[in-house]
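Asker: My file is target-v6.csv. It has CSV, C-alpha atoms and all ligand atoms:
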chain,number,residue,atom,x,y,z
A,1,MET,CA,10.1,-18.3,-9.1
A,2,GLY,CA,8.9,-15.0,-7.6
A,3,PHE,CA,10.5,-13.7,-4.5
A,4,PHE,CA,7.3,-13.7,-2.6
A,5,MET,CA,5.6,-17.0,-3.4
A,6,ASN,CA,2.7,-16.5,-1.0
A,7,LYS,CA,2.5,-12.9,-2.1
A,8,ILE,CA,0.6,-11.3,0.8
A,9,LYS,CA,0.5,-12.7,4.3
A,10,ASP,CA,-2.0,-11.6,6.9
A,11,ASN,CA,-1.6,-8.9,9.6
A,12,ILE,CA,0.4,-6.6,7.4
A,13,LEU,CA,1.3,-3.1,8.2
A,14,TYR,CA,1.8,-1.5,4.8
A,15,LEU,CA,3.7,1.8,4.7
A,16,VAL,CA,2.9,4.1,1.7
A,17,LEU,CA,5.9,6.5,1.4
A,18,SER,CA,5.3,10.1,0.1
A,19,SER,CA,7.9,12.7,0.6
A,20,GLU,CA,5.1,15.3,0.7
A,21,TYR,CA,4.3,14.1,4.2
A,22,ALA,CA,7.8,13.4,5.4
A,23,ARG,CA,8.5,16.7,7.1
A,24,GLN,CA,11.5,17.3,4.8
A,25,ARG,CA,13.2,14.1,6.0
A,26,PRO,CA,14.8,11.7,3.4
A,27,ILE,CA,12.2,9.1,2.4
A,28,TYR,CA,14.9,6.4,2.3
A,29,ASP,CA,15.8,6.9,5.9
A,30,ILE,CA,12.1,6.8,6.9
A,31,ALA,CA,11.8,3.5,5.0
A,32,GLU,CA,14.8,2.0,6.7
A,33,LEU,CA,13.6,3.0,10.2
A,34,ALA,CA,10.1,1.7,9.6
A,35,ILE,CA,11.3,-1.6,8.1
A,36,ASP,CA,13.6,-2.2,11.1
A,37,ALA,CA,10.6,-1.5,13.3
A,38,GLY,CA,8.4,-4.1,11.6
A,39,ILE,CA,6.5,-2.9,8.6
A,40,ASP,CA,5.6,-5.7,6.3
A,41,MET,CA,5.3,-4.0,2.9
A,42,LEU,CA,6.4,-0.7,1.4
A,43,GLN,CA,5.0,1.4,-1.4
A,44,MET,CA,6.7,4.3,-3.2
A,45,ARG,CA,4.0,6.9,-3.9
A,46,GLU,CA,5.8,10.0,-5.3
A,47,LYS,CA,3.5,12.2,-7.3
A,48,ASP,CA,6.0,14.9,-8.2
A,49,LEU,CA,9.1,13.0,-9.2
A,50,PRO,CA,10.0,12.7,-12.9
A,51,GLU,CA,10.5,9.3,-14.3
A,52,ASP,CA,14.3,9.2,-13.8
A,53,GLY,CA,13.8,10.3,-10.2
A,54,LEU,CA,11.2,7.5,-9.7
A,55,ILE,CA,13.6,5.0,-11.2
A,56,SER,CA,16.6,5.9,-9.1
A,57,LEU,CA,14.7,6.2,-5.8
A,58,GLY,CA,12.7,3.1,-6.7
A,59,ARG,CA,15.9,1.1,-7.3
A,60,ARG,CA,17.3,2.1,-3.9
A,61,LEU,CA,14.1,1.3,-2.1
A,62,GLN,CA,13.7,-2.0,-3.9
A,63,SER,CA,17.2,-3.0,-3.0
A,64,LEU,CA,16.6,-2.1,0.7
A,65,CYS,CA,13.4,-4.1,0.7
A,66,ARG,CA,15.1,-7.1,-0.9
A,67,LYS,CA,17.8,-7.0,1.7
A,68,LYS,CA,15.2,-6.8,4.5
A,69,ALA,CA,12.9,-9.4,2.8
A,70,ILE,CA,9.7,-7.4,2.4
A,71,PRO,CA,7.8,-6.6,-0.8
A,72,PHE,CA,8.4,-3.3,-2.5
A,73,ILE,CA,5.5,-1.9,-4.5
A,74,VAL,CA,5.5,0.9,-7.1
A,75,ASN,CA,2.5,3.2,-7.3
A,76,ASP,CA,0.7,4.2,-10.5
A,77,ASN,CA,2.9,3.0,-13.3
A,78,PRO,CA,3.6,-0.6,-14.5
A,79,TYR,CA,6.5,0.5,-16.7
A,80,ILE,CA,8.4,1.9,-13.7
A,81,ALA,CA,7.6,-1.2,-11.7
A,82,GLN,CA,8.9,-3.4,-14.6
A,83,LYS,CA,12.0,-1.3,-15.2
A,84,ILE,CA,13.2,-1.6,-11.7
A,85,ASN,CA,11.9,-5.2,-11.3
A,86,ALA,CA,9.8,-4.2,-8.3
A,87,ASP,CA,8.0,-6.9,-6.3
A,88,GLY,CA,4.7,-5.3,-7.2
A,89,LEU,CA,2.5,-2.5,-8.5
A,90,HIS,CA,-0.4,-0.5,-6.9
A,91,LEU,CA,-3.1,0.9,-9.2
A,92,GLY,CA,-5.9,3.3,-8.6
A,93,GLN,CA,-9.2,3.5,-10.4
A,94,GLU,CA,-7.8,6.0,-12.8
A,95,ASP,CA,-4.6,4.1,-13.4
A,96,ILE,CA,-6.5,0.9,-14.6
A,97,LYS,CA,-8.2,3.0,-17.3
A,98,ARG,CA,-4.7,3.7,-18.7
A,99,TYR,CA,-3.2,0.4,-17.8
A,100,PRO,CA,-5.8,-2.4,-17.6
A,101,LEU,CA,-5.0,-5.3,-15.4
A,102,ALA,CA,-4.3,-7.6,-18.3
A,103,ARG,CA,-1.7,-5.3,-19.6
A,104,ALA,CA,-0.1,-4.7,-16.2
A,105,ARG,CA,-0.1,-8.5,-15.6
A,106,ALA,CA,1.5,-9.1,-19.0
A,107,LEU,CA,4.2,-6.5,-18.3
A,108,LEU,CA,5.0,-7.8,-14.8
A,109,GLY,CA,4.2,-11.5,-14.9
A,110,LYS,CA,2.0,-13.5,-12.7
A,111,GLU,CA,4.3,-13.8,-9.7
A,112,LYS,CA,4.4,-10.0,-9.0
A,113,ILE,CA,2.0,-8.4,-6.6
A,114,ILE,CA,-0.7,-6.2,-8.1
A,115,GLY,CA,-3.1,-4.3,-5.9
A,116,LEU,CA,-6.0,-2.0,-6.6
A,117,SER,CA,-7.6,0.9,-4.7
A,118,THR,CA,-11.3,0.8,-4.2
A,119,HIS,CA,-13.6,3.4,-2.7
A,120,SER,CA,-17.0,1.7,-2.4
A,121,VAL,CA,-18.5,-1.7,-1.9
A,122,TYR,CA,-19.4,-1.7,-5.5
A,123,GLU,CA,-15.8,-1.1,-6.7
A,124,PHE,CA,-14.6,-3.6,-4.2
A,125,SER,CA,-17.0,-6.3,-5.5
A,126,LEU,CA,-15.7,-5.7,-9.1
A,127,ALA,CA,-12.1,-5.9,-8.0
A,128,ASN,CA,-12.9,-9.0,-5.9
A,129,GLU,CA,-13.6,-11.0,-9.1
A,130,GLN,CA,-10.3,-10.0,-10.8
A,131,ASP,CA,-6.8,-11.2,-10.6
A,132,PHE,CA,-5.6,-8.6,-8.1
A,133,ASP,CA,-3.4,-9.9,-5.2
A,134,TYR,CA,-4.8,-7.5,-2.7
A,135,ILE,CA,-7.5,-4.8,-2.6
A,136,ALA,CA,-7.2,-1.5,-0.8
A,137,TYR,CA,-10.4,-0.1,0.6
A,138,GLY,CA,-10.8,3.5,1.8
A,139,PRO,CA,-10.4,6.2,2.7
A,140,ILE,CA,-11.9,5.0,5.9
A,141,PHE,CA,-11.2,8.2,7.9
A,142,PRO,CA,-10.5,11.8,6.7
A,143,THR,CA,-7.2,12.1,5.0
A,144,LYS,CA,-5.1,14.6,3.1
A,145,THR,CA,-4.9,12.9,-0.3
A,146,LYS,CA,-8.7,12.7,-0.8
A,147,ASP,CA,-11.5,15.1,-0.2
A,148,TYR,CA,-14.0,12.5,1.1
A,149,ASN,CA,-14.0,9.5,3.3
A,150,ILE,CA,-16.3,6.5,3.3
A,151,GLY,CA,-16.3,5.6,7.0
A,152,ALA,CA,-16.0,2.3,8.8
A,153,LYS,CA,-19.5,1.1,8.4
A,154,ASP,CA,-19.0,-1.4,5.6
A,155,ILE,CA,-15.8,-3.1,6.9
A,156,GLU,CA,-17.6,-6.2,8.1
A,157,ALA,CA,-19.5,-6.6,4.8
A,158,ILE,CA,-16.3,-6.1,2.8
A,159,LEU,CA,-14.5,-8.8,4.8
A,160,ARG,CA,-17.4,-11.2,4.5
A,161,ILE,CA,-17.3,-11.1,0.7
A,162,SER,CA,-13.6,-10.7,0.2
A,163,LYS,CA,-11.8,-13.4,-1.7
A,164,LYS,CA,-8.3,-11.9,-1.2
A,165,PRO,CA,-6.4,-9.8,1.3
A,166,VAL,CA,-8.1,-6.5,2.0
A,167,VAL,CA,-5.9,-3.5,3.1
A,168,PHE,CA,-7.8,-0.7,4.8
A,169,ILE,CA,-6.4,2.8,4.3
A,170,GLY,CA,-7.1,6.4,4.9
A,171,GLY,CA,-6.6,8.5,8.1
A,172,ILE,CA,-5.7,5.4,10.2
A,173,ASP,CA,-3.5,5.9,13.2
A,174,ILE,CA,-2.9,4.6,16.6
A,175,SER,CA,-6.0,6.4,18.0
A,176,ASN,CA,-8.5,4.8,15.6
A,177,ILE,CA,-6.9,1.5,14.4
A,178,ASP,CA,-8.9,-0.5,16.9
A,179,ILE,CA,-12.1,0.5,15.3
A,180,LEU,CA,-11.0,-1.5,12.3
A,181,ILE,CA,-9.4,-4.4,14.2
A,182,LEU,CA,-12.5,-5.0,16.3
A,183,GLN,CA,-14.4,-5.5,13.0
A,184,GLY,CA,-11.9,-8.1,11.8
A,185,ALA,CA,-9.5,-6.0,9.7
A,186,LYS,CA,-6.2,-7.7,9.4
A,187,ASN,CA,-4.2,-5.4,7.1
A,188,ILE,CA,-3.7,-1.6,7.4
A,189,ALA,CA,-1.9,0.9,5.2
A,190,VAL,CA,-0.8,4.3,6.4
A,191,ILE,CA,1.1,7.3,5.2
A,192,ARG,CA,1.1,10.1,7.9
A,193,ALA,CA,0.8,7.9,11.0
A,194,ILE,CA,4.3,6.8,10.3
A,195,THR,CA,5.9,9.4,7.9
A,196,GLU,CA,4.8,12.4,10.0
A,197,ALA,CA,5.8,10.8,13.3
A,198,GLN,CA,8.6,12.3,15.3
A,199,ASP,CA,9.7,8.8,16.2
A,200,ILE,CA,9.2,6.8,13.0
A,201,ALA,CA,10.3,3.5,14.5
A,202,GLY,CA,8.1,3.9,17.6
A,203,ALA,CA,5.0,4.8,15.6
A,204,ALA,CA,5.5,1.8,13.3
A,205,ARG,CA,6.1,-0.5,16.2
A,206,LEU,CA,2.9,0.6,18.0
A,207,LEU,CA,0.8,0.1,14.9
A,208,LYS,CA,2.3,-3.3,14.2
A,209,ASP,CA,1.7,-4.4,17.8
A,210,ARG,CA,-2.0,-3.6,17.4
A,211,LEU,CA,-2.2,-5.9,14.3
A,212,LYS,CA,-0.8,-8.8,16.2
A,213,ILE,CA,-3.5,-8.9,18.8
A,301,LIG,N1,-5.7,6.2,-0.7
A,301,LIG,C1,-6.8,6.2,0.0
A,301,LIG,S1,-6.5,7.1,1.4
A,301,LIG,C2,-4.9,7.4,1.0
A,301,LIG,C3,-4.6,6.9,-0.2
A,301,LIG,C4,-3.3,6.9,-0.9
A,301,LIG,C5,-4.0,8.2,1.9
A,301,LIG,C6,-3.6,7.6,3.2
A,301,LIG,O1,-2.8,8.5,3.9
A,301,LIG,P1,-2.9,8.7,5.4
A,301,LIG,O2,-1.9,9.7,5.8
A,301,LIG,O3,-2.6,7.3,6.1
A,301,LIG,O4,-4.3,9.1,5.7
A,302,MG,MG,-2.5,5.9,-8.7
Just give me the structure as structure tokens.
Answerer:
Amino acid sequence: MGFFMNKIKDNILYLVLSSEYARQRPIYDIAELAIDAGIDMLQMREKDLPEDGLISLGRRLQSLCRKKAIPFIVNDNPYIAQKINADGLHLGQEDIKRYPLARARALLGKEKIIGLSTHSVYEFSLANEQDFDYIAYGPIFPTKTKDYNIGAKDIEAILRISKKPVVFIGGIDISNIDILILQGAKNIAVIRAITEAQDIAGAARLLKDRLKI
């Protein structure tokens, strides 16, 4: 039996961890503070680490998340996710060309969480018909990892057609999260709103409180 039988619950605050945006602070410490403050799911998104670094950091984060009973998701690579027995995998549009969903599913098994990034209503509608456990949609607002953003105009349409949990992402912080919540968004993913905060726990708590309303 998988550790997370219902896989994704609603009102999740999903922290995507990237040391690039951590102001030189150890990513593990940020994870621990954010988890204790109430984040519901954690992703390791390290673009510059070699495979052995991803595996050793991934193992430490997976064990932390297991202890705190939240899912731990590995970005980009199903082989790393499999190797460390992560709770799940997050794929982008480029990743699924390399690792089609059927292959990732076969590697990880049906009880693991697999999410996909989408950047338009069209991409969303395709993902909506496939065996993903959640779909990320964005970037909603300007952000550093992408040179464009798609805005908040299609959020209601996306939520109307969605057959699975939708996680909105991209430039979301405490100053603009209500724009999404007022349109019915339940789940939010952030990098900088937490990782760049002076007070990691405080930032996580404030965002989480908005999702409870
Ligand atoms: N995918 C779409 S936007 C984004 C990713 C990984 C970055 C989100 O980072 P931030 O700091 O919350 O804007
Ligand atoms: Mg990717």
Asker: Using only C-alpha atoms and all ligand atoms, find the one residue out of A:Gln62, A:Asn85, A:Gln43, A:Thr143 that sits nearest to ligand LIG 301 (chain A).
Answerer: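 Under the stated criterion, the closest residue is A:Thr143.
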Asker: Which is closer to Leu54 (chain A) than all the others in A:Ile150, A:Leu33, A:Ile80, A:Ile39, using only C-alpha atoms?
Answerer: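 Selected residue with least distance to Leu54 (chain A): A:Ile80.
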Asker: Taking only C-alpha atoms and all ligand atoms into account, which residues have an atom no farther than 12 Å from ligand MG 302 (chain A)? I'd like them as JSON, numbers by chain.
Answerer: {"A": [16, 43, 44, 45, 46, 47, 73, 74, 75, 76, 77, 78, 89, 90, 91, 92, 93, 94, 95, 96, 97, 98, 99, 115, 116, 117, 118, 136, 145]}
Asker: Excluding region 154-171 of chain A and its own-chain neighbours fewer than 3 positions away, which residues fall within 7 Å of it when counting only C-alpha atoms? Please give them as a ChimeraX atom specification.
Answerer: /A:121,128,133-143,183,187-190
Asker: Pick the closest to Arg210 (chain A) from A:Lys68, A:Thr195, A:Asp147, A:Asn176: which is it, counting all atoms listed in the file?
Answerer: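 Nearest to Arg210 (chain A): A:Asn176.
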Asker: Figure out the distance between CA of Ala69 (chain A) and CA of Leu57 (chain A), please, to one decimal in Å.
Answerer: 17.9 Å
Asker: Separation of CA of Gln130 (chain A) and CA of Leu13 (chain A), in Å?
Answerer: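 Taking CA of Gln130 (chain A) as the start and CA of Leu13 (chain A) as the end point, the length is 23.3 Å.
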Asker: In Å, how far is it from CA of Lys7 (chain A) to CA of Ala193 (chain A)?
Answerer: 24.6 Å
Asker: Return the single residue from A:Glu20, A:Gly88, A:Lys144, A:Leu180 that is closest to ligand LIG 301 (chain A), with distances computed using all atoms listed in the file.
Answerer: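 Among the listed residues, the smallest separation from ligand LIG 301 (chain A) belongs to A:Lys144.
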